[in-house]
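**Q** As input, take upload11.txt (compact mmCIF, C-alpha atoms):
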```txt
# COMPACT_ATOMS: atom_id res chain seq x y z
CA MET I 760 112.10 72.71 150.06
CA LYS I 761 115.50 73.17 151.68
CA PHE I 762 116.68 76.76 152.04
CA SER I 763 119.31 78.97 153.65
CA LYS I 764 118.69 82.36 155.24
CA MET I 765 121.42 84.92 154.55
CA HIS I 766 121.76 88.68 154.69
CA GLY I 767 123.98 91.42 153.35
CA ILE I 768 124.04 94.05 156.13
CA GLY I 769 120.41 93.37 156.96
CA ASN I 770 119.07 92.95 153.42
CA ASP I 771 117.82 89.39 154.01
CA TYR I 772 116.76 86.77 151.49
CA ILE I 773 115.83 83.11 151.36
CA TYR I 774 118.41 81.26 149.21
CA VAL I 775 117.61 78.01 147.43
CA ASN I 776 120.29 75.84 145.84
CA CYS I 777 118.66 74.91 142.53
CA PHE I 778 121.47 72.51 141.74
CA GLU I 779 119.62 70.31 144.23
CA GLU I 780 116.12 71.77 144.54
CA LYS I 781 113.40 72.65 142.01
CA VAL I 782 111.23 75.70 142.65
CA ASP I 783 108.00 75.90 140.66
CA GLU I 784 106.30 79.32 140.36
CA PRO I 785 109.10 81.13 142.24
CA GLU I 786 107.23 84.44 142.08
CA LYS I 787 104.49 82.93 144.25
CA VAL I 788 106.93 81.08 146.49
CA SER I 789 108.70 84.38 147.17
CA VAL I 790 105.50 85.99 148.46
CA ILE I 791 104.86 83.00 150.75
CA VAL I 792 108.33 82.60 152.25
CA SER I 793 108.93 86.37 152.61
CA GLU I 794 105.95 86.85 154.94
CA ARG I 795 107.48 87.66 158.31
CA ARG I 796 104.61 86.38 160.46
CA PHE I 797 103.32 83.42 158.47
CA GLY I 798 106.36 82.46 156.39
CA ILE I 799 110.11 82.41 157.01
CA GLY I 800 110.54 86.17 156.74
CA SER I 801 112.70 87.96 154.18
CA ASP I 802 113.00 90.71 151.57
CA GLY I 803 112.55 88.05 148.89
CA LEU I 804 113.71 84.80 147.34
CA VAL I 805 117.03 84.08 145.57
CA LEU I 806 117.61 81.06 143.35
CA ILE I 807 121.16 79.80 142.77
CA LEU I 808 121.19 78.11 139.38
CA PRO I 809 123.55 76.56 136.81
CA SER I 810 124.69 78.86 134.00
CA ASP I 811 126.06 78.31 130.51
CA LYS I 812 127.58 81.83 130.56
CA ALA I 813 129.18 82.07 134.00
CA ASP I 814 130.12 79.99 137.03
CA PHE I 815 126.65 80.43 138.52
CA ARG I 816 123.35 82.16 137.77
CA MET I 817 121.10 84.19 140.07
CA ARG I 818 117.37 84.86 139.87
CA ILE I 819 115.88 87.12 142.52
CA PHE I 820 112.25 87.76 143.43
CA ASN I 821 111.00 90.57 145.64
CA ALA I 822 108.63 90.07 148.55
CA ASP I 823 105.70 91.04 146.32
CA GLY I 824 106.58 88.37 143.75
CA SER I 825 108.03 90.68 141.11
CA GLU I 826 111.34 89.56 139.61
CA ALA I 827 114.28 91.89 140.20
CA MET I 828 117.03 92.54 137.70
CA MET I 829 119.84 92.74 140.22
CA CYS I 830 120.70 92.91 143.91
CA GLY I 831 124.19 93.76 145.13
CA ASN I 832 123.72 92.33 148.62
CA ALA I 833 122.36 89.05 147.22
CA THR I 834 125.30 88.88 144.82
CA ARG I 835 127.75 89.00 147.72
CA CYS I 836 125.77 86.38 149.64
CA ILE I 837 125.85 84.02 146.68
CA GLY I 838 129.61 84.39 146.58
CA LYS I 839 129.80 83.30 150.20
CA TYR I 840 127.27 80.49 149.74
CA VAL I 841 128.92 78.77 146.79
CA TYR I 842 132.39 78.92 148.37
CA ASP I 843 131.43 78.00 151.93
CA MET I 844 129.19 75.15 150.71
CA GLY I 845 132.00 73.69 148.59
CA MET I 846 130.38 74.43 145.22
CA THR I 847 133.60 76.14 144.08
CA ASP I 848 137.14 76.51 145.34
CA LYS I 849 137.81 79.65 143.30
CA THR I 850 138.11 83.05 144.97
CA GLU I 851 137.26 84.90 141.77
CA ILE I 852 133.98 83.84 140.17
CA THR I 853 131.43 85.04 137.64
CA LEU I 854 127.70 85.32 138.26
CA GLU I 855 125.01 85.59 135.60
CA THR I 856 122.20 87.98 136.53
CA ASN I 857 119.28 89.53 134.69
CA SER I 858 121.43 92.63 134.26
CA GLY I 859 124.52 90.88 132.91
CA ILE I 860 127.58 89.05 134.21
CA LYS I 861 129.01 90.22 137.54
CA TYR I 862 132.57 89.55 138.67
CA LEU I 863 133.13 88.62 142.31
CA LYS I 864 136.33 88.56 144.36
CA LEU I 865 136.00 86.55 147.57
CA PHE I 866 138.00 87.42 150.69
CA VAL I 867 138.51 84.18 152.61
CA GLU I 868 139.64 83.75 156.22
CA ASN I 869 139.91 80.37 157.96
CA GLY I 870 138.14 78.66 155.06
CA LYS I 871 135.10 80.96 155.06
CA VAL I 872 134.21 84.02 153.00
CA GLN I 873 134.25 87.14 155.18
CA GLY I 874 133.70 89.75 152.48
CA VAL I 875 133.10 90.11 148.76
CA GLU I 876 134.12 92.71 146.20
CA VAL I 877 131.79 92.94 143.21
CA ASP I 878 132.53 94.60 139.90
CA MET I 879 129.06 96.03 139.30
CA ASN I 880 129.90 97.03 135.70
CA LYS I 881 129.19 100.52 134.42
CA ALA I 882 126.46 102.77 135.73
CA VAL I 883 123.73 103.60 133.21
CA LEU I 884 122.98 107.32 133.10
CA LYS I 885 120.84 107.89 130.03
CA PRO I 886 117.27 108.43 131.29
CA ARG I 887 115.57 106.35 128.61
CA ASP I 888 117.79 103.38 129.53
CA ILE I 889 117.18 103.61 133.29
CA PRO I 890 114.22 104.07 132.49
CA VAL I 891 112.97 107.58 133.28
CA ASP I 892 110.35 109.32 131.18
CA SER I 893 112.64 112.17 130.15
CA ASP I 894 114.42 113.34 127.00
CA LEU I 895 117.39 114.77 128.91
CA ASP I 896 120.89 113.40 128.33
CA LEU I 897 121.37 113.05 132.11
CA PHE I 898 118.86 113.21 134.94
CA VAL I 899 120.99 114.92 137.58
CA SER I 900 119.53 117.07 140.36
CA GLN I 901 116.30 117.54 138.43
CA PRO I 902 113.27 119.01 140.22
CA VAL I 903 110.39 116.55 140.59
CA GLU I 904 107.16 117.16 142.48
CA VAL I 905 105.98 114.35 144.74
CA ASP I 906 102.89 114.79 146.91
CA GLY I 907 103.04 118.57 146.51
CA LYS I 908 106.73 118.89 147.46
CA GLU I 909 109.67 119.47 145.12
CA TYR I 910 112.66 117.14 145.34
CA LYS I 911 115.97 117.31 143.45
CA ILE I 912 116.43 113.83 142.00
CA THR I 913 119.38 112.13 140.31
CA CYS I 914 118.59 108.90 138.44
CA VAL I 915 121.00 106.01 137.84
CA SER I 916 120.63 102.40 136.79
CA MET I 917 122.86 99.69 138.24
CA GLY I 918 120.97 97.04 136.30
CA ASN I 919 117.88 98.26 138.13
CA PRO I 920 116.52 101.82 138.37
CA HIS I 921 117.33 104.22 141.22
CA ALA I 922 116.31 107.75 142.17
CA VAL I 923 118.74 109.41 144.59
CA ILE I 924 117.74 112.39 146.73
CA PHE I 925 120.24 114.32 148.86
CA THR I 926 118.52 115.73 151.91
CA GLU I 927 118.92 116.25 155.66
CA ASN I 928 117.75 114.42 158.77
CA ILE I 929 116.88 111.21 156.92
CA ASP I 930 116.12 109.37 160.17
CA ALA I 931 113.00 111.51 160.56
CA LEU I 932 111.59 110.66 157.12
CA ASP I 933 108.31 108.72 156.98
CA LEU I 934 109.37 106.27 154.27
CA GLU I 935 106.23 104.16 154.66
CA LYS I 936 104.28 107.19 153.46
CA ILE I 937 106.54 108.77 150.85
CA GLY I 938 108.35 105.67 149.54
CA PRO I 939 105.38 104.32 147.54
CA LEU I 940 104.76 107.78 146.05
CA PHE I 941 108.23 107.72 144.47
CA GLU I 942 108.06 104.03 143.54
CA HIS I 943 104.84 104.48 141.54
CA HIS I 944 105.47 108.01 140.20
CA LYS I 945 104.47 108.46 136.56
CA LEU I 946 108.05 109.49 135.73
CA PHE I 947 109.22 105.90 136.27
CA PRO I 948 107.56 103.41 133.89
CA ASN I 949 109.07 100.33 135.62
CA ARG I 950 108.75 101.75 139.14
CA ILE I 951 111.85 102.93 141.00
CA ASN I 952 114.09 102.25 143.99
CA THR I 953 114.56 105.45 145.98
CA GLU I 954 117.54 106.44 148.11
CA PHE I 955 117.38 109.28 150.65
CA VAL I 956 120.93 110.40 151.40
CA GLU I 957 122.55 112.60 154.04
CA VAL I 958 126.06 113.93 153.31
CA ILE I 959 128.55 113.49 156.17
CA ASP I 960 131.66 114.56 154.25
CA SER I 961 133.26 114.13 150.81
CA HIS I 962 133.92 110.43 151.44
CA THR I 963 131.07 109.48 153.78
CA LEU I 964 127.31 109.26 153.17
CA LYS I 965 124.34 108.02 155.17
CA MET I 966 121.44 106.39 153.31
CA ARG I 967 117.96 104.97 153.70
CA VAL I 968 116.29 103.09 150.87
CA TRP I 969 112.79 102.31 149.68
CA GLU I 970 113.02 99.25 147.41
CA ARG I 971 110.39 98.67 144.77
CA GLY I 972 108.52 95.51 145.60
CA SER I 973 109.90 95.20 149.13
CA GLY I 974 109.45 98.53 150.95
CA GLU I 975 112.14 99.92 153.23
CA THR I 976 115.04 97.51 153.62
CA PHE I 977 118.06 97.70 155.92
CA ALA I 978 120.40 97.80 152.95
CA CYS I 979 120.55 97.89 149.16
CA GLY I 980 123.82 97.19 147.38
CA THR I 981 122.78 98.56 144.00
CA GLY I 982 121.24 101.53 145.83
CA ALA I 983 124.55 102.25 147.56
CA CYS I 984 126.29 102.08 144.17
CA ALA I 985 123.72 104.41 142.61
CA THR I 986 124.13 106.78 145.56
CA ALA I 987 127.90 106.91 145.12
CA VAL I 988 127.50 107.60 141.40
CA ALA I 989 124.95 110.34 142.11
CA ALA I 990 127.25 111.88 144.72
CA VAL I 991 130.08 112.10 142.20
CA LEU I 992 127.82 113.50 139.48
CA ASN I 993 126.61 116.17 141.91
CA GLY I 994 130.16 117.15 142.89
CA ILE I 995 129.81 115.86 146.45
CA CYS I 996 132.36 113.02 146.25
CA PRO I 997 135.37 112.40 143.96
CA TYR I 998 135.91 109.83 141.22
CA ASP I 999 138.27 106.90 141.84
CA GLU I 1000 138.19 107.18 145.63
CA GLU I 1001 136.40 104.92 148.09
CA ILE I 1002 133.13 106.23 149.50
CA LEU I 1003 131.88 104.83 152.81
CA ILE I 1004 128.10 104.50 152.88
CA HIS I 1005 126.28 103.95 156.17
CA LEU I 1006 123.03 102.01 155.77
CA ARG I 1007 120.62 100.92 158.48
CA GLY I 1008 122.08 97.40 158.47
CA GLY I 1009 125.77 98.28 158.18
CA ASP I 1010 128.37 99.78 155.86
CA LEU I 1011 129.37 99.35 152.22
CA ARG I 1012 132.40 100.76 150.43
CA ILE I 1013 131.85 101.99 146.89
CA THR I 1014 134.23 103.38 144.27
CA TYR I 1015 132.98 105.08 141.10
CA LYS I 1016 135.73 105.09 138.51
CA LYS I 1017 136.18 107.64 135.76
CA ASP I 1018 135.59 104.92 133.16
CA GLY I 1019 132.07 104.49 134.57
CA THR I 1020 132.72 101.24 136.44
CA VAL I 1021 131.38 100.84 139.98
CA MET I 1022 133.10 98.62 142.57
CA MET I 1023 131.28 97.48 145.73
CA THR I 1024 132.83 95.80 148.78
CA GLY I 1025 130.95 94.52 151.81
CA PRO I 1026 130.14 91.58 154.06
CA ALA I 1027 127.83 88.60 153.59
CA THR I 1028 126.37 86.71 156.53
CA TYR I 1029 125.01 83.18 156.80
CA VAL I 1030 122.17 82.96 159.36
CA PHE I 1031 120.63 79.48 159.28
CA GLU I 1032 119.32 76.70 157.06
CA GLY I 1033 116.08 74.77 157.21
CA THR I 1034 113.25 73.06 155.36
CA ILE I 1035 109.82 74.48 154.61
CA SER I 1036 106.91 72.15 153.89
CA ASP I 1037 106.03 71.73 150.22
CA ASP I 1038 102.43 71.10 151.28
CA PHE I 1039 102.39 74.45 153.09
CA ILE I 1040 103.66 76.26 149.98
CA ASN I 1041 101.30 74.47 147.59
CA GLU I 1042 98.25 75.17 149.76
CA LEU I 1043 98.92 78.90 149.63
CA LYS I 1044 99.97 79.26 145.99
CA GLU I 1045 96.44 79.53 144.53
CA ASN I 1046 95.69 82.51 146.75
CA VAL I 1047 98.86 84.45 145.95
CA ILE I 1048 98.63 87.60 143.85
CA CYS I 1049 101.96 88.86 142.55
CA GLN I 1050 102.95 92.41 141.62
CA GLN I 1051 103.76 92.82 137.94
```
Reformat the file's structure so that it appears as structure tokens.
**A**
Amino acid sequence: MKFSKMHGIGNDYIYVNCFEEKVDEPEKVSVIVSERRFGIGSDGLVLILPSDKADFRMRIFNADGSEAMMCGNATRCIGKYVYDMGMTDKTEITLETNSGIKYLKLFVENGKVQGVEVDMNKAVLKPRDIPVDSDLDLFVSQPVEVDGKEYKITCVSMGNPHAVIFTENIDALDLEKIGPLFEHHKLFPNRINTEFVEVIDSHTLKMRVWERGSGETFACGTGACATAVAAVLNGICPYDEEILIHLRGGDLRITYKKDGTVMMTGPATYVFEGTISDDFINELKENVICQQ
């Protein structure tokens, strides 16, 4: 199986061009290739597919084999891949995802994509649609007890569910310990991605993220979008103005518009390409257990 390794500010995935390759049981393949000691090493697997609704289609699988609805960093990387590899000559393209059609604007320099702006569509705020087990109209700064400690949580969906917590000294947090407690909390029937956010000023935030199915990652595009939305809803940042979000892998720029639309701009980086043995993958498949 031929693949490319790409990352969006450190959120790294294995990309397979399914115009040319066929991937059977991708949920199992994702577990195998994501292993950082015995596989290629990544946060998951991304398939680039034909679409009858858009220019291209994306399917994304986490490192534990569960299928994700959406990933902002992977979306940007696909924009770079399809342009740089000559699969399109357009600088504005559409991408079908499990959470709807996304609209990408590609910023090209010297024939290569250097950055991508993504129209992430409108943020979903109704708890039942996120989903959160709550009858509230909005889940903003609500107290939730996790492991005996109360946290103020704001929940947003960007096609996948997020819980955003504004706190201090996020570098000192033990995410390996507390991340799974949020991810599997009874309040979140489909598990949750959790962002821990430190406020720098009204236009600058610092964030760490625990992604469901992958653990702590260096970046999360949808998480940065959810964080910007939560910051506006909590009166920390303004509508219609760019918010700079520092993640462990780099920076993203997010704007939350008054009409509910979220715009994300950031880089996409091509690392290398290679081939992994089909025999190697097939030998391991029968022993793989995927998270549902």
**Q** To one decimal place in Å, what is the distance between atom CA of Val875 of chain I and atom CA of Thr1028 of chain I?
**A** 10.8 Å
**Q** Please, which residues are within 12 Å of (125.0, 98.2, 134.6) by the file's coordinates, counting all atoms listed in the file, and could they come as a PyMOL selection string?
**A** chain I and resi 828-831+856-861+878-885+888-889+915-921+981+984-985+988+1019-1022
**Q** Rounded to one decimal place, report the atom CA of Val790 of chain I-atom CA of Ala833 of chain I distance in Å.
**A**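 Atom CA of Ala833 of chain I lies at a distance of 17.2 Å from atom CA of Val790 of chain I.
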**Q** Please measure the separation of atom CA of Val923 of chain I and atom CA of Val805 of chain I, giving the value in Å to one decimal.
**A**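 Spanning atom CA of Val923 of chain I to atom CA of Val805 of chain I is a straight-line distance of 25.4 Å.
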**Q** Here is a test: counting all atoms listed in the file, which residue of I:Val782, I:Val899, I:Val867, I:Ala987 is nearest to Lys849 of chain I?
**A**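 Once distances to Lys849 of chain I are computed over all atoms listed in the file, the minimum belongs to I:Val867.
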**Q** Using all atoms listed in the file, which of the listed residues (I:Cys914, I:Ala813, I:Val1030, I:Leu1003) sits closest to Tyr840 of chain I?
**A**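 Of all the options, I:Val1030 lies closest to Tyr840 of chain I.
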**Q** Using all atoms listed in the file, find the one residue out of I:Tyr998, I:Tyr774, I:Phe898, I:Phe797 that sits nearest to Phe1039 of chain I.
**A**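 When distances to Phe1039 of chain I are compared using all atoms listed in the file, the smallest one comes from I:Phe797.
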**Q** I want to know what sits within 12 Å of Phe762 of chain I, based on only C-alpha atoms, with residues of the same chain fewer than 6 positions away left out; could you give that as number ranges by chain?
**A** I: 772-777, 779-782, 792, 799, 804-807, 840, 1029-1037
**Q** Which residue, I:Glu855, I:Glu957, I:Asp843, I:Asp823, has the smallest gap to Ser810 of chain I when you use all atoms listed in the file?
**A**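 Ranked by minimum distance to Ser810 of chain I, first place goes to I:Glu855.
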**Q** Using only C-alpha atoms, can you tell me which of I:Glu954, I:Asp999, I:Asp802, I:Glu826 comes closest to Gly767 of chain I?
**A** I:Asp802
**Q** Could you write out as AutoDock Vina command-line options the box around segment 880-886 of chain I (axis-aligned, all atoms listed in the file, 5 Å on each side), with centre and edge lengths in Å to one decimal?
**A**
```
--center_x 123.6 --center_y 102.7 --center_z 132.9 --size_x 22.6 --size_y 21.4 --size_z 15.7
```
**Q** Which protein, DNA or RNA residues are at most 12 Å from (132.1, 99.1, 158.4) in the file's coordinates when you count only C-alpha atoms, listed as a PyMOL selection string?
**A** chain I and resi 768+874+963+1002-1013+1024-1026
**Q** Can I get the selected residues back with C-alpha atoms, as a compact mmCIF listing (two decimals), in the coordinates of the input?
**A**
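Output contents, as saved in part.txt:
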```
# COMPACT_ATOMS: atom_id res chain seq x y z
CA ILE I 768 124.04 94.05 156.13
CA GLY I 874 133.70 89.75 152.48
CA THR I 963 131.07 109.48 153.78
CA ILE I 1002 133.13 106.23 149.50
CA LEU I 1003 131.88 104.83 152.81
CA ILE I 1004 128.10 104.50 152.88
CA HIS I 1005 126.28 103.95 156.17
CA LEU I 1006 123.03 102.01 155.77
CA ARG I 1007 120.62 100.92 158.48
CA GLY I 1008 122.08 97.40 158.47
CA GLY I 1009 125.77 98.28 158.18
CA ASP I 1010 128.37 99.78 155.86
CA LEU I 1011 129.37 99.35 152.22
CA ARG I 1012 132.40 100.76 150.43
CA ILE I 1013 131.85 101.99 146.89
CA THR I 1024 132.83 95.80 148.78
CA GLY I 1025 130.95 94.52 151.81
CA PRO I 1026 130.14 91.58 154.06
```
**Q** Here is a test: counting all atoms listed in the file, which residue of I:Ile912, I:Met966, I:Ile1048, I:Val905 is nearest to Asn928 of chain I?
**A** I:Met966
**Q** Near Gly974 of chain I, within 8 Å and counting all atoms listed in the file, which residues show up once chain neighbours fewer than 5 positions away are dropped, as a list in words?
**A**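 Here the qualifying residues turn out to be Glu935, Gly938, Pro939 and Trp969 of chain I.
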**Q** Write the selection just made, keeping C-alpha atoms, as a PDB file, in the frame of the given file?
**A**
```
ATOM      1  CA  GLU I 935     106.230 104.160 154.660  1.00  0.00           C
ATOM      2  CA  GLY I 938     108.350 105.670 149.540  1.00  0.00           C
ATOM      3  CA  PRO I 939     105.380 104.320 147.540  1.00  0.00           C
ATOM      4  CA  TRP I 969     112.790 102.310 149.680  1.00  0.00           C
TER       5      TRP I 969
END
```
**Q** Missing atoms in segment 972-983 of chain I: fill them in up to all heavy atoms and send the result as a PDB file, in the coordinates of the input.
**A**
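Output saved as part01.pdb:
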```pdb
ATOM      1  N   GLY I 972     108.898  96.903 145.384  1.00  0.00           N
ATOM      2  CA  GLY I 972     108.520  95.510 145.600  1.00  0.00           C
ATOM      3  C   GLY I 972     108.784  94.978 146.983  1.00  0.00           C
ATOM      4  O   GLY I 972     108.301  93.901 147.326  1.00  0.00           O
ATOM      5  N   SER I 973     109.566  95.712 147.798  1.00  0.00           N
ATOM      6  CA  SER I 973     109.900  95.200 149.130  1.00  0.00           C
ATOM      7  C   SER I 973     109.671  96.214 150.249  1.00  0.00           C
ATOM      8  O   SER I 973     109.608  95.841 151.410  1.00  0.00           O
ATOM      9  CB  SER I 973     111.367  94.746 149.176  1.00  0.00           C
ATOM     10  OG  SER I 973     111.563  93.610 148.348  1.00  0.00           O
ATOM     11  N   GLY I 974     109.571  97.510 149.921  1.00  0.00           N
ATOM     12  CA  GLY I 974     109.450  98.530 150.950  1.00  0.00           C
ATOM     13  C   GLY I 974     110.813  98.936 151.479  1.00  0.00           C
ATOM     14  O   GLY I 974     111.840  98.720 150.837  1.00  0.00           O
ATOM     15  N   GLU I 975     110.849  99.532 152.674  1.00  0.00           N
ATOM     16  CA  GLU I 975     112.140  99.920 153.230  1.00  0.00           C
ATOM     17  C   GLU I 975     112.911  98.676 153.641  1.00  0.00           C
ATOM     18  O   GLU I 975     112.382  97.799 154.318  1.00  0.00           O
ATOM     19  CB  GLU I 975     111.999 100.849 154.428  1.00  0.00           C
ATOM     20  CG  GLU I 975     113.371 101.297 154.935  1.00  0.00           C
ATOM     21  CD  GLU I 975     113.350 102.317 156.056  1.00  0.00           C
ATOM     22  OE1 GLU I 975     112.272 102.528 156.657  1.00  0.00           O
ATOM     23  OE2 GLU I 975     114.413 102.903 156.328  1.00  0.00           O
ATOM     24  N   THR I 976     114.166  98.597 153.218  1.00  0.00           N
ATOM     25  CA  THR I 976     115.040  97.510 153.620  1.00  0.00           C
ATOM     26  C   THR I 976     116.233  98.095 154.372  1.00  0.00           C
ATOM     27  O   THR I 976     116.528  99.289 154.274  1.00  0.00           O
ATOM     28  CB  THR I 976     115.531  96.691 152.413  1.00  0.00           C
ATOM     29  OG1 THR I 976     116.243  97.545 151.505  1.00  0.00           O
ATOM     30  CG2 THR I 976     114.362  96.061 151.680  1.00  0.00           C
ATOM     31  N   PHE I 977     116.928  97.241 155.121  1.00  0.00           N
ATOM     32  CA  PHE I 977     118.060  97.700 155.920  1.00  0.00           C
ATOM     33  C   PHE I 977     119.269  98.045 155.053  1.00  0.00           C
ATOM     34  O   PHE I 977     120.181  98.732 155.513  1.00  0.00           O
ATOM     35  CB  PHE I 977     118.424  96.649 156.960  1.00  0.00           C
ATOM     36  CG  PHE I 977     117.698  96.827 158.263  1.00  0.00           C
ATOM     37  CD1 PHE I 977     116.321  96.964 158.290  1.00  0.00           C
ATOM     38  CD2 PHE I 977     118.384  96.860 159.457  1.00  0.00           C
ATOM     39  CE1 PHE I 977     115.640  97.131 159.479  1.00  0.00           C
ATOM     40  CE2 PHE I 977     117.718  97.028 160.657  1.00  0.00           C
ATOM     41  CZ  PHE I 977     116.337  97.161 160.678  1.00  0.00           C
ATOM     42  N   ALA I 978     119.269  97.535 153.828  1.00  0.00           N
ATOM     43  CA  ALA I 978     120.400  97.800 152.950  1.00  0.00           C
ATOM     44  C   ALA I 978     120.007  97.521 151.509  1.00  0.00           C
ATOM     45  O   ALA I 978     119.094  96.750 151.242  1.00  0.00           O
ATOM     46  CB  ALA I 978     121.601  96.947 153.330  1.00  0.00           C
ATOM     47  N   CYS I 979     120.726  98.144 150.588  1.00  0.00           N
ATOM     48  CA  CYS I 979     120.550  97.890 149.160  1.00  0.00           C
ATOM     49  C   CYS I 979     121.887  98.135 148.484  1.00  0.00           C
ATOM     50  O   CYS I 979     122.359  99.277 148.437  1.00  0.00           O
ATOM     51  CB  CYS I 979     119.465  98.791 148.576  1.00  0.00           C
ATOM     52  SG  CYS I 979     119.226  98.588 146.794  1.00  0.00           S
ATOM     53  N   GLY I 980     122.503  97.061 147.991  1.00  0.00           N
ATOM     54  CA  GLY I 980     123.820  97.190 147.380  1.00  0.00           C
ATOM     55  C   GLY I 980     123.809  98.026 146.120  1.00  0.00           C
ATOM     56  O   GLY I 980     124.650  98.910 145.928  1.00  0.00           O
ATOM     57  N   THR I 981     122.864  97.744 145.225  1.00  0.00           N
ATOM     58  CA  THR I 981     122.780  98.560 144.000  1.00  0.00           C
ATOM     59  C   THR I 981     122.416  99.995 144.341  1.00  0.00           C
ATOM     60  O   THR I 981     122.861 100.932 143.676  1.00  0.00           O
ATOM     61  CB  THR I 981     121.757  97.975 143.018  1.00  0.00           C
ATOM     62  OG1 THR I 981     120.487  97.855 143.661  1.00  0.00           O
ATOM     63  CG2 THR I 981     122.205  96.624 142.486  1.00  0.00           C
ATOM     64  N   GLY I 982     121.601 100.180 145.404  1.00  0.00           N
ATOM     65  CA  GLY I 982     121.240 101.530 145.830  1.00  0.00           C
ATOM     66  C   GLY I 982     122.440 102.296 146.344  1.00  0.00           C
ATOM     67  O   GLY I 982     122.590 103.503 146.086  1.00  0.00           O
ATOM     68  N   ALA I 983     123.321 101.605 147.086  1.00  0.00           N
ATOM     69  CA  ALA I 983     124.550 102.250 147.560  1.00  0.00           C
ATOM     70  C   ALA I 983     125.434 102.634 146.379  1.00  0.00           C
ATOM     71  O   ALA I 983     126.042 103.715 146.366  1.00  0.00           O
ATOM     72  CB  ALA I 983     125.288 101.316 148.511  1.00  0.00           C
TER      73      ALA I 983
END
```
